[in-house]
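A.B. asks: Sharing data_28.tsv (TSV, C-alpha atoms) below.
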```tsv
chain	number	residue	atom	x	y	z
S	18	MET	CA	0.00	0.00	0.00
S	19	ALA	CA	1.41	3.35	-1.01
S	20	ALA	CA	1.89	5.80	1.84
S	21	SER	CA	0.18	9.17	1.65
S	22	SER	CA	2.14	12.41	1.58
S	23	GLU	CA	1.10	13.08	5.17
S	24	ASP	CA	2.58	9.81	6.50
S	25	PHE	CA	5.95	10.00	8.16
S	26	SER	CA	8.18	7.88	10.36
S	27	VAL	CA	10.71	8.64	13.07
S	28	LEU	CA	13.89	6.61	13.51
S	29	VAL	CA	15.85	7.10	16.74
S	30	LEU	CA	19.46	5.96	16.95
S	31	ALA	CA	21.51	5.98	20.13
S	32	SER	CA	24.46	8.31	19.63
S	33	ASP	CA	26.85	6.30	21.79
S	34	LEU	CA	26.52	3.03	19.86
S	35	GLY	CA	28.70	4.16	16.98
S	36	ILE	CA	26.00	3.41	14.38
S	37	ASP	CA	26.41	4.90	10.94
S	38	ALA	CA	23.07	6.50	10.13
S	39	ARG	CA	23.77	7.14	6.44
S	40	PRO	CA	22.19	3.88	5.17
S	41	PHE	CA	18.92	4.98	6.80
S	42	LEU	CA	18.92	8.36	5.07
S	43	SER	CA	17.70	9.18	1.60
S	44	HIS	CA	20.21	8.89	-1.23
S	45	ARG	CA	20.40	12.64	-1.56
S	46	GLU	CA	21.11	13.18	2.13
S	47	ALA	CA	23.64	10.35	2.19
S	48	ASP	CA	25.48	11.72	-0.84
S	49	LYS	CA	25.51	15.17	0.73
S	50	ASP	CA	26.88	13.77	3.98
S	51	GLU	CA	29.63	11.83	2.15
S	52	GLU	CA	30.62	14.96	0.23
S	53	GLY	CA	30.83	16.90	3.48
S	54	GLU	CA	32.93	14.18	5.11
S	55	GLN	CA	35.28	14.07	2.16
S	56	GLU	CA	35.68	17.84	2.32
S	57	ASN	CA	36.33	17.84	6.06
S	58	TRP	CA	38.52	14.75	6.40
S	59	HIS	CA	40.10	13.89	3.07
S	60	ASP	CA	41.12	17.26	1.68
S	61	CYS	CA	44.72	17.36	2.85
S	62	SER	CA	45.24	20.90	1.60
S	63	GLN	CA	43.30	22.29	4.55
S	64	TYR	CA	46.08	21.12	6.87
S	65	LEU	CA	48.89	22.76	4.90
S	66	SER	CA	50.19	26.02	6.32
S	67	PRO	CA	51.89	27.93	3.50
S	68	ASP	CA	52.02	31.12	5.56
S	69	GLU	CA	53.51	29.55	8.69
S	70	ASP	CA	57.27	29.22	8.92
S	71	PHE	CA	58.42	25.83	10.23
S	72	SER	CA	62.08	26.27	9.24
S	73	ASP	CA	63.18	26.26	12.89
S	74	LEU	CA	61.53	22.87	13.49
S	75	ASP	CA	62.82	21.47	10.19
S	76	PHE	CA	66.34	22.48	11.25
S	77	LEU	CA	66.07	20.28	14.36
S	78	GLN	CA	65.37	17.17	12.25
S	79	PHE	CA	63.30	15.53	14.98
S	80	PHE	CA	60.54	14.61	12.48
S	81	SER	CA	61.66	13.63	8.98
S	82	LEU	CA	60.59	11.37	6.13
S	83	GLN	CA	63.16	8.73	5.24
S	84	GLY	CA	63.13	5.24	3.65
S	85	SER	CA	60.66	2.33	3.83
S	86	ASP	CA	60.23	-0.69	6.08
S	87	GLN	CA	60.04	-4.31	4.94
S	88	GLN	CA	56.30	-3.97	4.29
S	89	GLY	CA	56.79	-1.01	1.94
S	90	ASN	CA	55.54	1.61	4.40
S	91	ARG	CA	57.34	4.93	4.19
S	92	ILE	CA	59.12	5.88	7.41
S	93	PHE	CA	58.68	9.05	9.41
S	94	ARG	CA	61.65	9.11	11.77
S	95	ILE	CA	61.14	10.83	15.13
S	96	VAL	CA	64.17	11.50	17.33
S	97	GLY	CA	62.82	12.31	20.77
S	98	LYS	CA	66.02	13.89	22.07
S	99	TYR	CA	65.93	16.51	19.28
S	100	PHE	CA	62.49	17.81	20.29
S	101	PRO	CA	62.55	20.89	22.58
S	102	ALA	CA	59.31	20.24	24.48
S	103	PRO	CA	59.55	23.27	26.85
S	104	VAL	CA	59.55	25.81	24.01
S	105	VAL	CA	57.18	24.23	21.44
S	106	SER	CA	53.48	24.27	22.23
S	107	GLY	CA	51.28	21.25	21.59
S	108	GLU	CA	49.19	23.26	19.12
S	109	ARG	CA	52.21	24.18	17.00
S	110	LEU	CA	53.51	20.62	17.17
S	111	LYS	CA	50.16	19.39	15.86
S	112	ARG	CA	50.18	21.86	12.96
S	113	TYR	CA	53.75	20.91	12.12
S	114	ILE	CA	53.01	17.17	12.06
S	115	PHE	CA	49.91	17.69	9.90
S	116	HIS	CA	51.91	19.90	7.56
S	117	LYS	CA	54.76	17.38	7.21
S	118	ILE	CA	52.48	14.43	6.51
S	119	CYS	CA	50.28	16.28	4.02
S	120	SER	CA	53.11	18.01	2.18
S	121	GLU	CA	55.68	15.19	2.06
S	122	LEU	CA	53.47	12.08	1.99
S	123	PRO	CA	49.92	12.95	0.88
S	124	GLU	CA	49.24	9.34	-0.19
S	125	GLY	CA	50.26	5.81	0.74
S	126	HIS	CA	50.85	3.86	3.92
S	127	PHE	CA	53.49	4.95	6.40
S	128	CYS	CA	55.01	3.97	9.72
S	129	ILE	CA	56.81	5.82	12.49
S	130	ALA	CA	60.25	4.95	13.88
S	131	TYR	CA	60.35	6.76	17.21
S	132	MET	CA	63.75	6.83	18.96
S	133	HIS	CA	63.24	7.30	22.68
S	134	SER	CA	66.93	7.00	23.53
S	135	THR	CA	68.05	9.35	26.36
S	136	VAL	CA	64.77	11.28	26.30
S	137	GLN	CA	64.16	13.26	29.49
S	138	LYS	CA	60.60	13.96	30.59
S	139	GLU	CA	61.24	17.63	31.41
S	140	ASP	CA	63.23	18.40	28.24
S	141	ASN	CA	62.11	16.25	25.32
S	142	SER	CA	58.74	14.63	26.03
S	143	PRO	CA	55.55	16.50	25.06
S	144	GLY	CA	53.48	14.17	27.27
S	145	ILE	CA	51.16	11.27	26.55
S	146	THR	CA	48.04	13.46	26.68
S	147	ILE	CA	49.36	15.76	23.93
S	148	LEU	CA	50.34	12.79	21.77
S	149	ARG	CA	46.87	11.31	22.23
S	150	TRP	CA	45.26	14.65	21.35
S	151	ILE	CA	47.37	14.99	18.18
S	152	TYR	CA	46.54	11.45	17.06
S	153	GLU	CA	42.82	11.93	17.68
S	154	GLU	CA	42.90	15.16	15.66
S	155	LEU	CA	44.36	13.39	12.62
S	156	PRO	CA	41.95	12.84	9.73
S	157	SER	CA	40.54	9.32	9.68
S	158	ASP	CA	42.27	8.39	6.44
S	159	ILE	CA	45.69	9.36	7.84
S	160	LYS	CA	45.03	7.20	10.91
S	161	GLU	CA	44.29	4.27	8.61
S	162	ARG	CA	47.45	4.90	6.60
S	163	LEU	CA	49.59	4.71	9.77
S	164	LYS	CA	50.36	0.99	10.02
S	165	ILE	CA	52.87	0.64	12.85
S	166	VAL	CA	54.90	2.65	15.37
S	167	TYR	CA	58.37	1.25	16.13
S	168	PHE	CA	59.12	2.42	19.69
S	169	ILE	CA	62.92	2.17	19.92
S	170	HIS	CA	64.66	1.97	23.32
S	171	PRO	CA	61.61	2.31	25.57
S	172	GLY	CA	62.73	2.93	29.14
S	173	LEU	CA	61.22	1.51	32.29
S	174	ARG	CA	59.06	4.59	32.86
S	175	SER	CA	57.63	4.42	29.34
S	176	ARG	CA	56.90	0.71	29.56
S	177	LEU	CA	55.08	1.13	32.86
S	178	ALA	CA	53.12	4.14	31.60
S	179	PHE	CA	51.90	2.38	28.48
S	180	ALA	CA	51.25	-0.90	30.29
S	181	THR	CA	49.12	0.70	33.00
S	182	LEU	CA	47.61	3.79	31.37
S	183	GLY	CA	48.13	3.26	27.66
S	184	ARG	CA	44.73	1.72	27.00
S	185	PHE	CA	43.01	4.59	28.81
S	186	PHE	CA	44.96	7.47	27.27
S	187	LEU	CA	45.49	6.07	23.78
S	188	SER	CA	42.78	4.94	21.41
S	189	GLY	CA	42.74	1.28	20.49
S	190	GLY	CA	43.76	2.14	16.95
S	191	LEU	CA	47.06	3.59	18.15
S	192	TYR	CA	47.70	1.38	21.19
S	193	TRP	CA	47.78	-1.83	19.17
S	194	LYS	CA	50.05	-0.32	16.50
S	195	ILE	CA	52.95	0.21	18.91
S	196	LYS	CA	55.82	-2.28	18.66
S	197	TYR	CA	58.58	-2.06	21.27
S	198	VAL	CA	62.15	-2.42	19.96
S	199	SER	CA	64.62	-2.81	22.82
S	200	ARG	CA	67.73	-3.18	20.61
S	201	LEU	CA	68.66	-1.93	17.16
S	202	GLN	CA	69.41	-5.48	16.03
S	203	TYR	CA	65.71	-6.27	16.36
S	204	LEU	CA	64.78	-3.23	14.29
S	205	TRP	CA	66.57	-4.69	11.27
S	206	ASP	CA	63.99	-7.48	11.17
S	207	ASP	CA	61.44	-4.86	10.08
S	208	ILE	CA	63.61	-2.14	8.52
S	209	LYS	CA	66.69	-2.78	6.40
S	210	LYS	CA	69.90	-1.07	7.47
S	211	GLY	CA	70.39	2.21	5.65
S	212	GLU	CA	66.67	2.90	5.24
S	213	VAL	CA	66.60	5.09	8.33
S	214	GLU	CA	69.44	7.20	9.72
S	215	ILE	CA	70.46	6.26	13.27
S	216	PRO	CA	72.08	9.10	15.27
S	217	GLU	CA	75.40	8.30	16.92
S	218	PHE	CA	74.08	8.79	20.44
S	219	VAL	CA	71.37	6.18	19.75
S	220	LYS	CA	74.05	3.69	18.74
S	221	ASN	CA	76.05	4.48	21.87
S	222	HIS	CA	72.96	4.01	24.01
S	223	ASP	CA	72.34	0.69	22.31
S	224	ASP	CA	75.93	-0.42	23.08
S	225	VAL	CA	75.46	0.40	26.76
S	226	LEU	CA	72.25	-1.63	26.92
S	227	GLU	CA	73.88	-4.49	25.06
S	228	HIS	CA	76.71	-4.80	27.57
S	229	ARG	CA	74.71	-3.77	30.64
S	230	PRO	CA	71.08	-4.72	29.89
S	231	LEU	CA	69.86	-4.16	33.44
S	232	THR	CA	70.67	-0.45	33.10
S	233	ASP	CA	67.46	-0.01	31.14
S	234	TYR	CA	65.48	-1.16	34.16
S	235	GLY	CA	67.27	0.95	36.77
S	236	ILE	CA	68.97	-2.05	38.41
S	237	GLU	CA	72.54	-1.34	37.28
S	238	PRO	CA	74.21	2.08	37.61
S	239	ASP	CA	74.43	4.16	34.46
S	240	PRO	CA	77.80	5.99	34.53
S	241	LEU	CA	77.13	7.79	31.25
S	242	HIS	CA	73.56	8.77	32.25
S	243	LEU	CA	72.17	7.51	28.98
S	244	THR	CA	68.85	6.23	30.25
S	245	GLU	CA	65.75	7.96	31.53
S	246	VAL	CA	65.76	6.09	34.87
S	247	PRO	CA	67.60	7.94	37.67
S	248	SER	CA	67.25	5.28	40.43
S	249	THR	CA	70.47	3.55	41.53
S	250	ALA	CA	72.77	5.47	39.18
S	251	PHE	CA	72.34	8.57	41.32
S	252	SER	CA	73.13	6.86	44.62
S	253	PHE	CA	76.20	5.14	43.23
S	254	GLY	CA	77.39	8.42	41.74
S	255	ARG	CA	77.15	10.21	45.08
S	256	TYR	CA	78.99	7.37	46.82
S	257	GLU	CA	81.76	7.52	44.24
S	258	GLU	CA	82.15	11.28	44.68
S	259	ARG	CA	82.41	10.94	48.45
S	260	TRP	CA	84.98	8.17	48.10
S	261	ARG	CA	87.09	10.28	45.74
S	262	SER	CA	86.92	13.30	48.05
S	263	ARG	CA	88.11	11.20	51.00
S	264	GLU	CA	90.94	9.76	48.91
S	265	TYR	CA	91.96	13.29	47.87
S	266	MET	CA	91.95	14.55	51.47
S	267	ALA	CA	94.04	11.57	52.56
```
Once more with this new file: its structure as structure tokens, please.

C.D. replies:
Amino acid sequence: MAASSEDFSVLVLASDLGIDARPFLSHREADKDEEGEQENWHDCSQYLSPDEDFSDLDFLQFFSLQGSDQQGNRIFRIVGKYFPAPVVSGERLKRYIFHKICSELPEGHFCIAYMHSTVQKEDNSPGITILRWIYEELPSDIKERLKIVYFIHPGLRSRLAFATLGRFFLSGGLYWKIKYVSRLQYLWDDIKKGEVEIPEFVKNHDDVLEHRPLTDYGIEPDPLHLTEVPSTAFSFGRYEERWRSREYMA
């Protein structure tokens, strides 16, 4: 039976169930919604900042596009130690990351090789909440293009933070993409040597961990202060200084 022009129906969908309402709409409304989504999320040009000068951040080389991993994903290398967290706001960091991705790799899958070696919380780390905010602000297609995050040299503090709070502060899409790489030799299983540039201090840090693996967990002293864990290294250092002062006085 054909419905009269005065008949109508009401469809109520719960907003917290994550249901896509477009199939229930008319073709015209659905097409309009898809066009709007494409304009808002897939037009990478809206995230480019031709008038903003990022030359100072480019000079630091903490975020750069390099080779490809074994799966063919292009690599964005992030060197944590090179990032001056106290003087770069989270908002500017977000704009810079969007600009780099959209201008240097507008298409194709990519991965991130993040080098956490010798990162200090007060100097180099923007904080897990800012990283979560930046990731959530990424367009949906860029999130899908990010396939894996190689987390190189995670310290004890980072492991504990992600193990206890990671699922709460990071979305599932990002949390399950993180792969911990405790030694550079394990990185070569996923990325061929020469595809990504390894700074000298990262290699030195890797050598320390190779010969004194418990240093990474704060159990052994760290005479070169290459890890993020202060713990026993500080107490041993103070003892050594006192011993030397007594020897000098004698």

A.B. asks: Name the closest residue to Phe80 of chain S among the candidates S:Val166, S:Leu204, S:Ala130, S:Val105; distances are taken between atoms, counting only C-alpha atoms.

C.D. replies: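 Ranked by minimum distance to Phe80 of chain S, first place goes to S:Ala130.
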
A.B. asks: Wanna dump the segment 137-223 of chain S-segment 106-127 of chain S contacts at 9 Å for me, each residue with its shortest atom pair and the distance in Å to one decimal, counting only C-alpha atoms, ordered by chain and number, as a Markdown table?

C.D. replies:
```
| residue | atom | partner | partner_atom | distance |
| --- | --- | --- | --- | --- |
| S:Pro143 | CA | S:Gly107 | CA | 7.3 |
| S:Ile147 | CA | S:Gly107 | CA | 6.3 |
| S:Leu148 | CA | S:Gly107 | CA | 8.5 |
| S:Trp150 | CA | S:Lys111 | CA | 8.8 |
| S:Ile151 | CA | S:Lys111 | CA | 5.7 |
| S:Tyr152 | CA | S:Lys111 | CA | 8.8 |
| S:Glu154 | CA | S:Lys111 | CA | 8.4 |
| S:Leu155 | CA | S:Phe115 | CA | 7.5 |
| S:Ile159 | CA | S:His126 | CA | 8.5 |
| S:Glu161 | CA | S:His126 | CA | 8.1 |
| S:Arg162 | CA | S:His126 | CA | 4.5 |
| S:Leu163 | CA | S:Phe127 | CA | 5.2 |
| S:Lys164 | CA | S:Phe127 | CA | 6.2 |
| S:Ile165 | CA | S:Phe127 | CA | 7.8 |
```

A.B. asks: S:Ser157, S:Gly144, S:Thr135, S:Tyr167: which is nearest Asn221 of chain S, counting all atoms listed in the file?

C.D. replies: S:Thr135

A.B. asks: I'd like the interatomic distance between atom CA of Asp223 of chain S and atom CA of Phe100 of chain S, to a tenth of an Å.

C.D. replies: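 So the answer is 19.9 Å.
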
A.B. asks: Would you be able to write out as a PyMOL selection string which residues have an atom within 8 Å of (59.0, 11.0, 3.7) in the file's coordinates, counting all atoms listed in the file?

C.D. replies: chain S and resi 81-84+91-93+118+121-122

A.B. asks: Identify which of the residues S:Val219, S:Leu201, S:Val136, S:Val225 lies closest to Pro101 of chain S, counting only C-alpha atoms when measuring atom-to-atom distances.

C.D. replies: S:Val136

A.B. asks: Please measure the separation of atom CA of Lys98 of chain S and atom CA of Glu217 of chain S, giving the value in Å to one decimal.

C.D. replies: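 Separating atom CA of Lys98 of chain S from atom CA of Glu217 of chain S is a distance of 12.1 Å.
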
A.B. asks: How far is it from atom CA of Val213 of chain S to atom CA of Leu177 of chain S, in Å with one decimal?

C.D. replies: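 That distance, rounded to one decimal, is 27.4 Å.
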
A.B. asks: Go through S:Leu226, S:Ile215, S:Ala178, S:Ile169 and flag the residue nearest Val198 of chain S, using only C-alpha atoms for the distances.

C.D. replies: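 So, comparing all the options, the nearest one is S:Ile169.
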
A.B. asks: I'd like the contact shell of Phe79 of chain S - 8 Å cut-off, all atoms listed in the file, skipping same-chain residues fewer than 2 positions apart - returned as a list of chain:residue names.

C.D. replies: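 Everything that qualifies: S:Leu74, S:Asp75, S:Leu77, S:Ser81, S:Arg94, S:Ile95, S:Val96, S:Gly97, S:Lys98, S:Tyr99, S:Phe100.
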
A.B. asks: Have a look at S:Tyr131, S:Phe71, S:Phe168, S:Phe76 and name the one nearest to Glu214 of chain S; count all atoms listed in the file.

C.D. replies: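 Nearest candidate to Glu214 of chain S out of S:Tyr131, S:Phe71, S:Phe168, S:Phe76: S:Tyr131.
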
A.B. asks: Which residue, S:Phe179, S:His170, S:Asp158, S:Glu139, has the smallest gap to Trp193 of chain S when you use all atoms listed in the file?

C.D. replies: S:Phe179

A.B. asks: Adding 8 Å on each side of the box along x, y and z that holds all listed atoms of segment 69-84 of chain S, could you give its centre and edge lengths in Å to one decimal, as AutoDock Vina command-line options?

C.D. replies:
```
--center_x 59.9 --center_y 17.4 --center_z 9.3 --size_x 28.8 --size_y 40.3 --size_z 27.3
```
